[in-house]
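Source file: structure-v3.txt (compact mmCIF, C-alpha atoms and all ligand atoms)
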# COMPACT_ATOMS: atom_id res chain seq x y z
CA MET A 717 95.97 147.47 -46.25
CA LYS A 718 98.86 146.07 -48.23
CA LEU A 719 99.63 142.35 -48.05
CA ILE A 720 103.31 141.68 -48.69
CA ASN A 721 104.93 138.27 -49.00
CA SER A 722 108.40 139.02 -50.28
CA ILE A 723 111.27 140.35 -48.17
CA SER A 724 112.59 142.58 -50.95
CA ARG A 725 109.19 144.24 -51.48
CA MET A 726 108.92 144.84 -47.74
CA ALA A 727 112.44 146.30 -47.64
CA THR A 728 111.71 148.61 -50.58
CA LEU A 729 108.53 149.87 -48.97
CA VAL A 730 110.34 150.47 -45.67
CA LYS A 731 112.97 152.53 -47.49
CA ILE A 732 110.25 154.74 -49.00
CA LEU A 733 108.44 155.16 -45.67
CA ARG A 734 111.67 156.11 -43.90
CA LYS A 735 112.52 158.63 -46.61
CA GLU A 736 109.08 160.18 -46.07
CA GLY A 737 109.96 160.51 -42.36
CA LYS A 738 107.23 158.08 -41.24
CA THR A 739 107.64 156.21 -37.96
CA ILE A 740 107.02 152.47 -38.10
CA GLY A 741 105.28 150.44 -35.41
CA PHE A 742 105.76 146.69 -35.63
CA VAL A 743 103.65 143.82 -34.27
CA PRO A 744 105.24 140.41 -34.91
CA THR A 745 102.81 137.49 -34.62
CA MET A 746 102.27 133.89 -35.68
CA GLY A 747 98.79 134.74 -36.93
CA TYR A 748 95.36 133.28 -36.16
CA LEU A 749 94.72 136.73 -34.78
CA HIS A 750 92.65 137.50 -31.72
CA VAL A 751 91.84 140.50 -29.54
CA GLY A 752 95.18 140.15 -27.72
CA HIS A 753 97.06 140.75 -30.99
CA MET A 754 94.71 143.62 -31.81
CA SER A 755 95.55 145.37 -28.54
CA LEU A 756 99.15 145.56 -29.77
CA VAL A 757 97.97 146.99 -33.11
CA LYS A 758 95.89 149.57 -31.25
CA ALA A 759 98.90 150.67 -29.20
CA ALA A 760 101.06 150.85 -32.34
CA LYS A 761 98.44 152.95 -34.15
CA LYS A 762 98.39 155.40 -31.28
CA HIS A 763 102.14 156.02 -31.30
CA THR A 764 103.47 155.45 -34.81
CA ASP A 765 102.53 156.56 -38.35
CA VAL A 766 102.55 153.19 -40.07
CA VAL A 767 101.68 149.83 -38.50
CA VAL A 768 103.27 146.66 -39.85
CA LEU A 769 101.92 143.34 -38.59
CA SER A 770 103.87 140.22 -39.51
CA ILE A 771 102.51 136.71 -39.63
CA PHE A 772 105.14 134.01 -39.60
CA VAL A 773 104.82 130.60 -37.98
CA ASN A 774 108.48 130.20 -37.14
CA PRO A 775 109.63 126.58 -37.38
CA LEU A 776 112.79 127.41 -35.43
CA GLN A 777 110.90 128.07 -32.21
CA PHE A 778 109.00 124.76 -32.17
CA GLY A 779 110.50 121.61 -30.66
CA PRO A 780 110.48 118.39 -32.70
CA LYS A 781 107.42 117.08 -30.79
CA GLU A 782 105.57 120.40 -30.77
CA ASP A 783 102.66 121.70 -32.83
CA PHE A 784 104.39 123.49 -35.76
CA LYS A 785 102.46 121.50 -38.39
CA LYS A 786 99.05 121.82 -36.78
CA TYR A 787 99.45 125.41 -35.51
CA PRO A 788 96.26 127.23 -36.65
CA ARG A 789 96.72 129.19 -39.89
CA ASP A 790 94.08 131.25 -41.72
CA ILE A 791 95.54 134.12 -43.72
CA LYS A 792 92.18 135.18 -45.22
CA ARG A 793 90.63 135.52 -41.77
CA ASP A 794 93.72 137.32 -40.46
CA GLU A 795 93.72 139.69 -43.43
CA ALA A 796 90.14 140.73 -42.67
CA LEU A 797 90.84 141.20 -38.95
CA ALA A 798 94.07 143.11 -39.53
CA GLY A 799 92.39 145.35 -42.11
CA ASP A 800 89.54 146.14 -39.72
CA ALA A 801 92.01 146.93 -36.94
CA GLY A 802 93.77 149.48 -39.13
CA VAL A 803 96.99 147.60 -39.90
CA ASP A 804 98.71 149.31 -42.84
CA ILE A 805 100.96 146.49 -43.97
CA MET A 806 100.58 142.77 -43.31
CA PHE A 807 103.90 141.03 -43.92
CA CYS A 808 103.74 137.26 -44.41
CA PRO A 809 107.09 135.93 -45.58
CA SER A 810 107.59 132.26 -46.47
CA VAL A 811 109.72 129.87 -44.42
CA SER A 812 111.98 129.28 -47.43
CA GLU A 813 112.69 132.99 -47.80
CA ILE A 814 113.36 133.55 -44.10
CA TYR A 815 115.53 130.43 -43.83
CA PRO A 816 116.99 129.73 -47.26
CA GLU A 817 119.08 126.60 -47.72
CA GLY A 818 122.38 126.92 -45.88
CA TYR A 819 120.98 129.35 -43.29
CA ALA A 820 123.53 129.45 -40.42
CA THR A 821 123.12 132.43 -38.08
CA TYR A 822 121.34 132.33 -34.72
CA VAL A 823 120.78 134.71 -31.81
CA ASN A 824 121.10 133.25 -28.33
CA VAL A 825 120.31 135.42 -25.32
CA GLU A 826 122.31 133.66 -22.61
CA ASN A 827 121.03 133.26 -19.05
CA PHE A 828 117.49 134.24 -20.02
CA THR A 829 116.57 131.40 -22.32
CA ASP A 830 117.35 128.53 -19.96
CA LYS A 831 114.77 129.51 -17.34
CA LEU A 832 110.96 129.10 -17.03
CA CYS A 833 109.72 127.96 -20.50
CA GLY A 834 113.33 127.50 -21.64
CA ILE A 835 113.69 124.43 -19.42
CA SER A 836 111.08 122.34 -21.24
CA ARG A 837 111.58 124.19 -24.56
CA PRO A 838 115.39 124.40 -24.79
CA GLU A 839 115.63 125.78 -28.35
CA HIS A 840 112.49 127.95 -28.22
CA PHE A 841 113.94 131.34 -27.35
CA LYS A 842 116.89 130.94 -29.68
CA GLY A 843 114.31 130.51 -32.44
CA VAL A 844 112.29 133.50 -31.24
CA ALA A 845 115.30 135.83 -30.87
CA THR A 846 116.65 134.79 -34.27
CA VAL A 847 113.42 135.41 -36.17
CA VAL A 848 112.66 138.65 -34.36
CA ALA A 849 116.18 139.96 -35.09
CA LYS A 850 115.65 139.10 -38.77
CA LEU A 851 112.21 140.72 -38.85
CA PHE A 852 113.61 143.84 -37.15
CA ASN A 853 116.28 144.07 -39.86
CA ILE A 854 113.67 143.79 -42.60
CA VAL A 855 110.93 146.03 -41.14
CA LYS A 856 113.28 148.51 -39.38
CA PRO A 857 110.65 149.61 -36.86
CA ASP A 858 110.94 152.53 -34.47
CA VAL A 859 108.80 150.73 -31.90
CA ALA A 860 107.97 147.00 -31.62
CA TYR A 861 105.05 145.74 -29.56
CA PHE A 862 104.97 142.49 -27.59
CA GLY A 863 102.45 141.01 -25.16
CA GLN A 864 103.08 140.56 -21.46
CA LYS A 865 101.27 137.25 -21.99
CA ASP A 866 104.58 135.87 -23.31
CA VAL A 867 106.51 137.71 -20.63
CA GLN A 868 109.76 135.76 -21.01
CA GLN A 869 109.72 136.45 -24.75
CA ALA A 870 109.28 140.20 -24.14
CA ILE A 871 112.16 140.17 -21.63
CA VAL A 872 114.43 138.20 -24.00
CA ILE A 873 113.69 140.58 -26.88
CA LYS A 874 114.34 143.64 -24.71
CA LYS A 875 117.67 142.14 -23.64
CA MET A 876 118.58 141.26 -27.24
CA ALA A 877 117.77 144.79 -28.45
CA ARG A 878 119.90 146.29 -25.68
CA ASP A 879 122.83 143.89 -26.09
CA LEU A 880 122.93 144.23 -29.88
CA ASN A 881 122.46 148.04 -29.84
CA MET A 882 119.27 147.83 -31.86
CA ASP A 883 117.77 151.29 -32.10
CA ILE A 884 114.23 150.03 -31.47
CA GLU A 885 111.93 150.74 -28.56
CA ILE A 886 110.42 147.52 -27.21
CA LYS A 887 107.01 147.85 -25.54
CA ALA A 888 105.31 145.11 -23.52
CA MET A 889 101.53 145.46 -23.39
CA PRO A 890 99.06 144.01 -20.83
CA ILE A 891 97.54 140.53 -21.11
CA ILE A 892 94.11 140.49 -22.77
CA ARG A 893 91.75 137.90 -21.30
CA GLU A 894 88.44 136.30 -22.22
CA SER A 895 85.54 137.47 -20.04
CA ASP A 896 86.01 134.40 -17.80
CA GLY A 897 89.69 135.19 -17.24
CA LEU A 898 91.39 132.78 -19.65
CA ALA A 899 94.34 134.54 -21.29
CA MET A 900 93.68 134.83 -25.01
CA SER A 901 95.86 132.60 -27.16
CA SER A 902 95.72 131.21 -30.68
CA ARG A 903 96.21 127.79 -29.05
CA ASN A 904 92.94 128.05 -27.07
CA ILE A 905 91.08 126.59 -30.07
CA TYR A 906 92.79 123.26 -29.36
CA LEU A 907 90.92 123.00 -26.03
CA SER A 908 87.81 120.86 -25.64
CA GLU A 909 84.97 122.42 -23.67
CA ALA A 910 85.93 120.48 -20.55
CA GLU A 911 89.62 121.35 -20.92
CA ARG A 912 88.82 125.00 -21.41
CA ARG A 913 86.75 125.00 -18.20
CA GLU A 914 89.61 123.42 -16.26
CA ALA A 915 92.15 125.80 -17.83
CA LEU A 916 90.50 128.66 -15.94
CA VAL A 917 92.32 127.41 -12.85
CA LEU A 918 95.53 128.95 -14.23
CA ASN A 919 94.24 132.50 -13.93
CA ARG A 920 92.52 131.62 -10.63
CA SER A 921 95.82 130.44 -9.18
CA LEU A 922 97.47 133.70 -10.29
CA GLU A 923 94.63 135.65 -8.66
CA LYS A 924 95.28 133.61 -5.53
CA ALA A 925 98.97 134.55 -5.66
CA SER A 926 98.03 138.24 -5.98
CA ALA A 927 95.54 138.00 -3.10
CA LEU A 928 98.07 136.25 -0.86
CA THR A 929 100.69 138.92 -1.61
CA VAL A 930 98.20 141.71 -0.92
CA ALA A 931 97.37 139.98 2.39
CA GLY A 932 101.05 140.18 3.34
CA GLU A 933 102.48 136.78 2.34
CA ARG A 934 106.11 137.15 1.24
CA ASP A 935 107.24 133.52 1.19
CA SER A 936 107.30 132.37 -2.46
CA GLY A 937 107.38 128.72 -1.42
CA LYS A 938 104.10 129.06 0.46
CA ILE A 939 102.41 130.92 -2.41
CA ILE A 940 103.58 128.34 -4.96
CA LYS A 941 102.36 125.51 -2.73
CA GLU A 942 98.87 127.02 -2.50
CA MET A 943 98.78 127.63 -6.25
CA LYS A 944 99.81 124.04 -6.96
CA GLU A 945 97.17 122.71 -4.56
CA LEU A 946 94.48 124.68 -6.37
CA ILE A 947 95.68 123.55 -9.80
CA SER A 948 95.93 119.91 -8.72
CA GLN A 949 92.14 119.89 -8.19
CA LYS A 950 91.80 119.91 -11.99
CA PRO A 951 92.89 116.53 -13.32
CA MET A 952 93.24 117.66 -16.95
CA VAL A 953 95.79 120.33 -15.98
CA LYS A 954 99.38 119.10 -15.66
CA ILE A 955 101.80 121.68 -14.29
CA ASP A 956 105.04 122.31 -16.18
CA TYR A 957 106.17 124.97 -13.72
CA VAL A 958 104.85 127.49 -11.22
CA SER A 959 107.60 129.99 -10.46
CA ILE A 960 108.08 133.30 -8.72
CA VAL A 961 111.01 135.14 -10.24
CA ASP A 962 112.70 138.51 -10.50
CA THR A 963 111.17 140.56 -13.34
CA LYS A 964 114.61 141.65 -14.53
CA ASP A 965 116.78 138.53 -14.55
CA LEU A 966 114.13 135.79 -14.17
CA LYS A 967 115.99 134.29 -11.22
CA ASP A 968 113.92 132.55 -8.54
CA ILE A 969 112.88 134.71 -5.61
CA SER A 970 112.37 133.08 -2.22
CA VAL A 971 111.18 136.16 -0.32
CA ILE A 972 109.12 138.73 -2.22
CA SER A 973 110.17 142.34 -1.78
CA GLY A 974 109.13 144.87 -4.40
CA GLU A 975 108.03 143.49 -7.75
CA ALA A 976 107.91 139.78 -8.61
CA LEU A 977 106.72 137.81 -11.61
CA VAL A 978 104.47 134.84 -10.90
CA ALA A 979 104.57 132.63 -13.99
CA ILE A 980 102.83 129.36 -14.88
CA ALA A 981 103.04 126.88 -17.70
CA ALA A 982 100.75 123.87 -17.85
CA ILE A 983 99.62 121.22 -20.27
CA VAL A 984 95.84 121.11 -20.48
CA GLY A 985 94.88 117.92 -22.30
CA SER A 986 97.61 118.15 -24.91
CA THR A 987 97.77 121.95 -25.15
CA ARG A 988 100.57 123.90 -23.49
CA LEU A 989 99.28 127.15 -21.96
CA ILE A 990 101.16 129.93 -20.19
CA ASP A 991 100.02 132.80 -18.02
CA ASN A 992 101.49 135.20 -15.49
CA VAL A 993 100.92 138.12 -13.20
CA ILE A 994 103.17 140.69 -11.57
CA VAL A 995 102.73 141.04 -7.83
CA LYS A 996 104.04 143.83 -5.64
CA ALA A 997 105.05 143.54 -2.00
P1 LIG B 1 101.73 134.92 -31.07
O1 LIG B 1 101.00 135.09 -32.36
O2 LIG B 1 101.04 134.02 -30.10
O3 LIG B 1 103.19 134.62 -31.27
O4 LIG B 1 101.69 136.35 -30.37
C1 LIG B 1 102.11 137.51 -31.02
C2 LIG B 1 102.20 138.63 -30.02
O5 LIG B 1 100.92 138.85 -29.43
C3 LIG B 1 103.18 138.34 -28.87
O6 LIG B 1 103.89 139.49 -28.54
C4 LIG B 1 102.26 137.91 -27.77
O7 LIG B 1 102.79 138.12 -26.49
C5 LIG B 1 101.06 138.80 -28.02
N1 LIG B 1 99.87 138.20 -27.40
C6 LIG B 1 99.42 136.93 -27.54
N2 LIG B 1 98.36 136.72 -26.75
C7 LIG B 1 98.14 137.88 -26.09
C8 LIG B 1 97.18 138.29 -25.11
N3 LIG B 1 96.24 137.47 -24.65
N4 LIG B 1 97.25 139.56 -24.65
C9 LIG B 1 98.22 140.40 -25.09
N5 LIG B 1 99.14 140.08 -26.01
C10 LIG B 1 99.10 138.83 -26.49
Structure re-expressed in structure tokens:
Amino acid sequence: MKLINSISRMATLVKILRKEGKTIGFVPTMGYLHVGHMSLVKAAKKHTDVVVLSIFVNPLQFGPKEDFKKYPRDIKRDEALAGDAGVDIMFCPSVSEIYPEGYATYVNVENFTDKLCGISRPEHFKGVATVVAKLFNIVKPDVAYFGQKDVQQAIVIKKMARDLNMDIEIKAMPIIRESDGLAMSSRNIYLSEAERREALVLNRSLEKASALTVAGERDSGKIIKEMKELISQKPMVKIDYVSIVDTKDLKDISVISGEALVAIAAIVGSTRLIDNVIVKA
């Protein structure tokens, strides 16, 4: 596996690969890799010739009071994991090269970034869309892989790619969970043992939403109420939102018909966690 830090080296390599007719699969991450990230690598390996995994903790997508500084970073560990998973190129650009002094261009996907997580993280998706657009321009992938875990992110990136005529296929892959149901996340290491135990209620409440839908419940308000009641039994878990929305435009749904996205964000101790499930009426 090649480890590349500079944008120009990455661009040169991409040019060579493209000339050789190789297809490129791309997995953008913020590092501190786990099995969830590896599932994206696995999918990329299956469908493309060369897999590029990027690690970039993007300051633009963190709010002023968020965890940019303390976000877990361990390049040596990530290098070993990525190598074992069969990543061909690990691309780790520096903040100063991605955002040189005087940087001025941003991508804003209107009407998608002001919902769900966008309400409490108003600049977050602008930061995500901007860095992903830049990484796409550098890596020039044929296919880019995102996790359904960050469902709003995947939807925003799909919309950006469509709106800006990017010739890149965007794939959203299933959520990978720990054996007890907690969605894998680099942020899970922030949780104390007690917090981690209580955090399981997030997945349980989503399972409850699925079970209620299967049993015939169509009223989103009633499902959300039951989910909130369950979550409120865990004092360390503070709800940011529990929403049932349309999978295409993220608008609230009051009566479920067809497919709906049930999404949660909560602060557990001081760690913000998200999770979701798609239910079908
Ligand atoms: P992150 O490093 O947290 O920014 O995540 C990088 C990519 O991995 C994103 O597309 C995430 O949605 C995806 N990802 C993170 N956690 C999981 C998970 N538990 N299952 C599947 N994909 C995930």
- Query: Residues at most 6 Å from range 859-868 of chain A, counting all atoms listed in the file, excluding those fewer than 2 positions away in the same chain, as a list of chain:residue names?
  - Reply: A:Gly741, A:Phe742, A:Val743, A:Leu756, A:Pro857, A:Ala870, A:Ile871, A:Ile884, A:Glu885, A:Ile886, A:Lys887, A:Ala888, A:Met889, A:Pro890, A:Ile891
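One distance worth recording is that between CA of Ser926 in chain A and CA of Thr745 in chain A, which is 29.0 Å.
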- Task: List every protein, DNA or RNA residue that has an atom no more than 12 Å from (115.4, 139.9, -12.0) in the file's coordinate frame, counting all atoms listed in the file, and report them as number ranges by chain.
- Result: A: 827-828, 831, 868, 871, 960-969, 972-977
- Which of A:Arg878, A:Lys850, A:Lys954, A:Arg912 sits closest to Pro744 in chain A [using all atoms listed in the file]: A:Lys850
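Distance-wise, CA of Ser902 in chain A and CA of Lys762 in chain A end up 24.3 Å apart.
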Within 12 Å of Lys786 in chain A using all atoms listed in the file, minus same-chain residues under 2 positions, as a PDB file with C-alpha atoms, in the coordinates of the input:
ATOM      1  CA  VAL A 773     104.820 130.600 -37.980  1.00  0.00           C
ATOM      2  CA  PRO A 775     109.630 126.580 -37.380  1.00  0.00           C
ATOM      3  CA  PHE A 778     109.000 124.760 -32.170  1.00  0.00           C
ATOM      4  CA  LYS A 781     107.420 117.080 -30.790  1.00  0.00           C
ATOM      5  CA  GLU A 782     105.570 120.400 -30.770  1.00  0.00           C
ATOM      6  CA  ASP A 783     102.660 121.700 -32.830  1.00  0.00           C
ATOM      7  CA  PHE A 784     104.390 123.490 -35.760  1.00  0.00           C
ATOM      8  CA  PRO A 788      96.260 127.230 -36.650  1.00  0.00           C
ATOM      9  CA  ARG A 789      96.720 129.190 -39.890  1.00  0.00           C
ATOM     10  CA  ASP A 790      94.080 131.250 -41.720  1.00  0.00           C
ATOM     11  CA  SER A 902      95.720 131.210 -30.680  1.00  0.00           C
ATOM     12  CA  ARG A 903      96.210 127.790 -29.050  1.00  0.00           C
ATOM     13  CA  ILE A 905      91.080 126.590 -30.070  1.00  0.00           C
ATOM     14  CA  TYR A 906      92.790 123.260 -29.360  1.00  0.00           C
ATOM     15  CA  THR A 987      97.770 121.950 -25.150  1.00  0.00           C
TER      16      THR A 987
END
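Of note, CA of Ile980 in chain A and CA of Leu832 in chain A are spaced 8.4 Å apart.
Shortest separation to Asn992 in chain A among A:Ala910, A:Met806, A:Ala925, A:Leu729 occurs at residue A:Ala925, atoms counted being only C-alpha atoms.
Each of A:Val751, A:Val844, A:Val872, A:Met746 was compared to ligand LIG 1 (chain B) using only C-alpha atoms and all ligand atoms, and A:Met746 turns out to be the nearest.
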- Message: Just want the 12 Å neighbourhood of Ala927 in chain A, counted on all atoms listed in the file, with same-chain residues fewer than 3 positions away dropped. Output as a ChimeraX atom specification.
- Response: /A:920-924,930-934,939,942-943,993-997
- From A:Asp858, A:Glu945, A:Asp794, A:Glu813, residue lying nearest ligand LIG 1 (chain B) [all atoms listed in the file]: A:Asp794
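Between ligand LIG 1 (chain B) and the candidates A:Asp956, A:Glu894, A:Glu826, A:Glu911, the tightest atom-to-atom separation, counting all atoms listed in the file, involves A:Glu894.
The closest residue to Val848 in chain A, picked from A:Val958, A:Ile771, A:Leu898, A:Val978 and counting only C-alpha atoms, is A:Ile771.
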